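Take a look at the structure set out below.
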Amino acid sequence: MVLGSCSIYRNYQRPDTDLLPVENLYRYADSIAADGGNDSLTLGDLPWQELFTDLRLQQLIDYGLEHNTDMQVALLRLDQARSQLTAAKLSFLPSIDFSPEMSVSKSSSNAAAKSYTLPVSASWEIDIFGSLRNAKQGAKAAMLEQEAYKQAVRSQLVASIADNYFSLMALDEQIEISASTLDMWSEQVRTMEALMKVGEETENAVTQARASLYELEASHNDLQRQLRETENALCTLLGTTHRAIDRGTLAEQQLPEEINIGLPLRLLSKRPDVIQAEMTLARAYYETNVARAAFYPRLTLSGSAGWTDALGNAVTNPGEWILQALASLTQPIFNRGELISNLKVAKDEEQIALLNYKQALLDAGQEVNDALYATQSARRSLESHNRQCRELERSVTTAEALYRTGNATYLELLTARRSLLSARLNVVDDRLAALQATVALYQALGGQ
């Protein structure tokens, strides 16, 4: 029995990295910095205050961390886990109970007889085969699991607030572009209507111009709807009622130019969801040990002491002391297969936790790869669309000059202006995508 119980006392050990999908977890792009694969300070190591330097955004994140309901629930879950760990630690100590009793009996021919007992009893389980110890270690793993969950909620909340904040500024810029285009288009329609009255413009051209104006008005209205919905979503994240959000401009935002993602192995100790998955595995390991320890005897020491005024049926005055001591050893022999079933279930749960741990690491690698490529792609797209805007601005200037001299049709001018509007909106989208991809990479690397 002693040899068989040795495995019950072993602490949880992280699975060998050879069994975990750590190698080649990152698909390094050619454009990554030369030190991108070393184990120095990475993007995920930065405090969020250093990544997001906009003071308005910092105030929003601080407010959200304090008032967001998911964050508050995570803190309460963590507090529950800490209380359960405290209870598991105290289970090593004796339990003491005080249970006073009083009885009154009376027959038809005798006077009422009263008796009372004031006993104090104690019970102490000796943890010979590690049942209590494994329960305590399991409670500790559960507490660390909740701690990691809290960090995961915190990381997600910071990233979501930043994403919505950047989206608001992008929508501001898109609405500004749309409004200026609307003003210009409205003026153009009025000019064309005046020219049509004097016979210098066709009704077909004026009709096309009006149709384009109505399309721009609908698009402008849709952008305003998106702005309101994004503000509402951000307020919900902050845990406050819906209101306007004070914010800066997209051009003011500064994010790191060089990105170091470190070694994949760092995800084991940085990513909150990976840590949470590992702590779930550790808890399952100790639960398996508890199920295994149930096959071994349980030694319990108990005793009681008290004062009574009744011993047997004879009433004595003064009362007497009652002292009792008991040691019990319980060895399970046949429990209708319950212990064996519990052990099998615990072992299966441990294997499930191990598979979930591996999957969490794979998911983390995918998120890092996707966010890294998205960051690089958004920067390349932004550079291309900026060049496109410069070319289209010259194209619109040329089309306007040719239209005024009668060497270009209104359709050519309309096409040039539409292309420029689309390119300007694409530039804003690219700036937003670059910011959000950097935030996603920060979160994927375990940033908190």
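Order determines the names: the first chain of the structure tokens is A, the second B, and so forth; residues in each chain are numbered 1 upward, and ligands are numbered 1 upward as they are shown.
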
For Ser167 of chain A, please output as a list in words all residues within 8 Å (counting only C-alpha atoms; exclusion window: fewer than 4 positions along the same chain).
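Near neighbours after the sequence-gap exclusion: Asp163, Leu171, Thr230 and Leu432 of chain A.
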
Mind checking DSSP for segment 25-204 of chain A and telling me the alpha helix (DSSP H) residues as a PyMOL selection string?
chain A and resi 48-51+55-67+69-90+131-197+203-204

Shell of 12 Å around Ala408 of chain A, only C-alpha atoms, local chain residues under 6 positions omitted, as a VMD selection string:
chain A and resid 396 398 to 402 414 to 416

Near-Asp79 of chain A list (9 Å; only C-alpha atoms; drop same-chain fewer than 4 positions) as a CSV table (one decimal) with N, CA, C and O atoms, in the first residue's frame:
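Final output, saved to selection.csv:
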```
chain,number,residue,atom,x,y,z
A,74,ALA,N,-15.2,38.1,-13.0
A,74,ALA,CA,-14.0,37.4,-12.9
A,74,ALA,C,-13.3,37.6,-11.6
A,74,ALA,O,-12.7,36.6,-11.0
A,75,LEU,N,-13.3,38.8,-11.1
A,75,LEU,CA,-12.7,39.1,-9.8
A,75,LEU,C,-13.5,38.3,-8.7
A,75,LEU,O,-12.8,37.8,-7.7
A,83,SER,N,-11.1,31.5,-1.5
A,83,SER,CA,-11.8,31.0,-0.3
A,83,SER,C,-11.8,29.5,-0.3
A,83,SER,O,-11.6,28.8,0.8
A,84,GLN,N,-12.0,28.8,-1.4
A,84,GLN,CA,-12.0,27.4,-1.5
A,84,GLN,C,-10.6,26.8,-1.2
A,84,GLN,O,-10.5,25.8,-0.5
A,143,MET,N,-7.5,27.9,-8.2
A,143,MET,CA,-7.3,29.4,-7.9
A,143,MET,C,-6.5,30.0,-9.0
A,143,MET,O,-6.7,31.1,-9.5
A,146,GLN,N,-8.4,30.4,-12.1
A,146,GLN,CA,-9.3,31.6,-12.1
A,146,GLN,C,-8.5,32.9,-12.2
A,146,GLN,O,-8.9,33.9,-12.8
```

Would you pick out the contacts of segment 383-387 of chain A at 8 Å or less, using only C-alpha atoms, so that residues sharing its chain but fewer than 4 positions from it are not included, and give the list as a ChimeraX atom specification?
/A:379,391,423-424,426-427

Serialized selection, N, CA and C atoms, as a PDB file, in the first residue's frame:
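Contents of part12.pdb, as written:
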```pdb
ATOM      1  N   ARG A 379      -0.015  47.505 -43.360  1.00  0.00           N
ATOM      2  CA  ARG A 379       0.978  48.551 -43.642  1.00  0.00           C
ATOM      3  C   ARG A 379       1.297  48.617 -45.135  1.00  0.00           C
ATOM      4  N   GLU A 391      -2.323  59.690 -57.011  1.00  0.00           N
ATOM      5  CA  GLU A 391      -2.569  59.598 -58.451  1.00  0.00           C
ATOM      6  C   GLU A 391      -4.003  60.013 -58.790  1.00  0.00           C
ATOM      7  N   ALA A 423     -10.773  55.549 -52.620  1.00  0.00           N
ATOM      8  CA  ALA A 423      -9.375  55.417 -52.200  1.00  0.00           C
ATOM      9  C   ALA A 423      -9.139  56.084 -50.852  1.00  0.00           C
ATOM     10  N   ARG A 424      -9.748  57.252 -50.625  1.00  0.00           N
ATOM     11  CA  ARG A 424      -9.587  57.934 -49.335  1.00  0.00           C
ATOM     12  C   ARG A 424     -10.174  57.109 -48.198  1.00  0.00           C
ATOM     13  N   ASN A 426     -10.459  53.908 -48.231  1.00  0.00           N
ATOM     14  CA  ASN A 426      -9.570  52.755 -48.080  1.00  0.00           C
ATOM     15  C   ASN A 426      -8.357  53.094 -47.226  1.00  0.00           C
ATOM     16  N   VAL A 427      -7.843  54.309 -47.365  1.00  0.00           N
ATOM     17  CA  VAL A 427      -6.698  54.738 -46.554  1.00  0.00           C
ATOM     18  C   VAL A 427      -7.073  54.723 -45.079  1.00  0.00           C
TER      19      VAL A 427
END
```

Need to verify the contact set: Leu238 of chain A, 9 Å, only C-alpha atoms, exclusion of same-chain residues closer than 6 positions in sequence. Can you return it as a ChimeraX atom specification?
/A:60-61,63-69,157,161

Taking the DSSP assignment computed from this structure's backbone, write out as a count of residues only all residues of segment 34-185 of chain A that belong to strand (DSSP E).
23

Hey, what's within 6 Å of Leu250 of chain A if we count only C-alpha atoms and toss same-chain stuff fewer than 2 positions away? As a list in words, please?
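After dropping sequence-adjacent residues, the list is Met169, Glu252 and Gln253 of chain A.
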
Nearest residue to Asp246 of chain A out of A:Glu101, A:Asp18, A:Asp54, A:Glu412, using only C-alpha atoms?
A:Asp54

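Among the candidate residues A:Gln151, A:Asn164, A:Ser212, A:Thr249, the one lying nearest to Thr181 of chain A is A:Ser212, with distances computed using only C-alpha atoms.
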
Judged by only C-alpha atoms, the minimum distance to Ser304 of chain A among A:Tyr286, A:Tyr442, A:Phe98, A:Tyr12 is found for A:Phe98

Using only C-alpha atoms, can you tell me which of A:Asp222, A:Asp45, A:Asp430, A:Glu201 comes closest to Gln443 of chain A?
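Among A:Asp222, A:Asp45, A:Asp430, A:Glu201, it is A:Asp45 that comes nearest to Gln443 of chain A.
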
Could you state the separation of atom CA of Thr17 of chain A and atom CA of Glu349 of chain A in Å, given to one decimal place?
20.8 Å
